[in-house]
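Okay, so here's the structure we're looking at.
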Amino acid sequence: MSRAAALKQSYTDGARRIASRSVTSLGRTRVTPNALTAMGVTLCAVAAVIVYFAYESDVLYWAGALLFVVGSVLDILDGALARTSGKGTQFGAFLDSTTDRIGEGLMLGAIALLAARDARLLTVGLAFFALLGSLLVSYTRARAEALGLKGAVGIGSRAERVVVITAGLVLAPWGALPYALALLCVTAWVTVGQRIWSVRRQLSES
């Protein structure tokens, strides 16, 4: 395992441990993983609407970033709650993965619409390719795992994308959003390439 892969694995394992400890008390309540999933995607949708109106005030970038982070954290907690409470279901896992794509897609779509309003075509294009790359990152993993292969490889998972999008929104008043989208494009498409190569290598070794 490379140093970068080891660092990413350590970060992922640490985040899961923290999330599991955070939902210990929640697991004794009637709150279900699906309820957290619904709250998470709802907050991400509200955040996307707020960001679209950021042309009226830079403060709306920060409000949207905050709600997007909270919604994304709830998305982490729903999986942790499912694992620790025994309330998880196959449909819940499917719903969780689906709403992940919805929340991220809505935010990138809102950014693209905001940029289009001001004719910032480069930002529109970057948002489009970032969204396409994000969807392919998830799709390549799903297809690999459907074949019985390891699919969770590469440098850019959803957690990293959330961090990059949030940083771009926070720093958007100073013109950082296009750079964040460019970084998102690079990491997403590199990850797609890594997963395609990994599937090819695993199949050749089987």
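The chains in the structure tokens are called A, B, ... from first to last as shown; in each chain the residues are counted from 1, and the ligands are counted from 1 in the order shown.
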ask   = Which polymer residues have any atom within 12 Å of an atom of A:Thr98, counting only C-alpha atoms, with same-chain residues fewer than 4 positions away left out, as a list in words?
value =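 The filter keeps Asn34, Thr37, Ala38, Val41, Asp75, Phe91, Gly92, Ala93, Phe94, Ile102, Gly103, Glu104, Gly105, Leu135, Ser138, Tyr139 and Ala142 of chain A.
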key: Nearest candidate to A:Gln202 (options A:Ala182, A:Ala127, A:Leu149, A:Val137; using only C-alpha atoms)   =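 Ranked by minimum distance to A:Gln202, first place goes to A:Leu149.
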key: Contact residues around A:Trp62 with only C-alpha atoms at 8 Å, ignoring same-chain residues under 4 positions, as a list in words   = Asp58, Leu66, Leu169 and Val170 of chain A
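Closest approach to A:Ala110 among A:Val124, A:Leu60, A:Val51, A:Ala146: A:Val51, based on only C-alpha atoms.
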request  = Find the residue from A:Trp174, A:Ala80, A:Arg101, A:Cys185 that sits nearest to A:Gly125; use only C-alpha atoms when measuring.
outcome  = A:Cys185
inquiry  = Need the shell around A:Trp197: protein/DNA/RNA residues with any atom at most 12 Å away, counting only C-alpha atoms. Skip same-chain ones fewer than 5 positions apart. Format as a PyMOL selection string?
reply    = chain A and resi 140-141+144+150-151+153-154+190-192+202-204
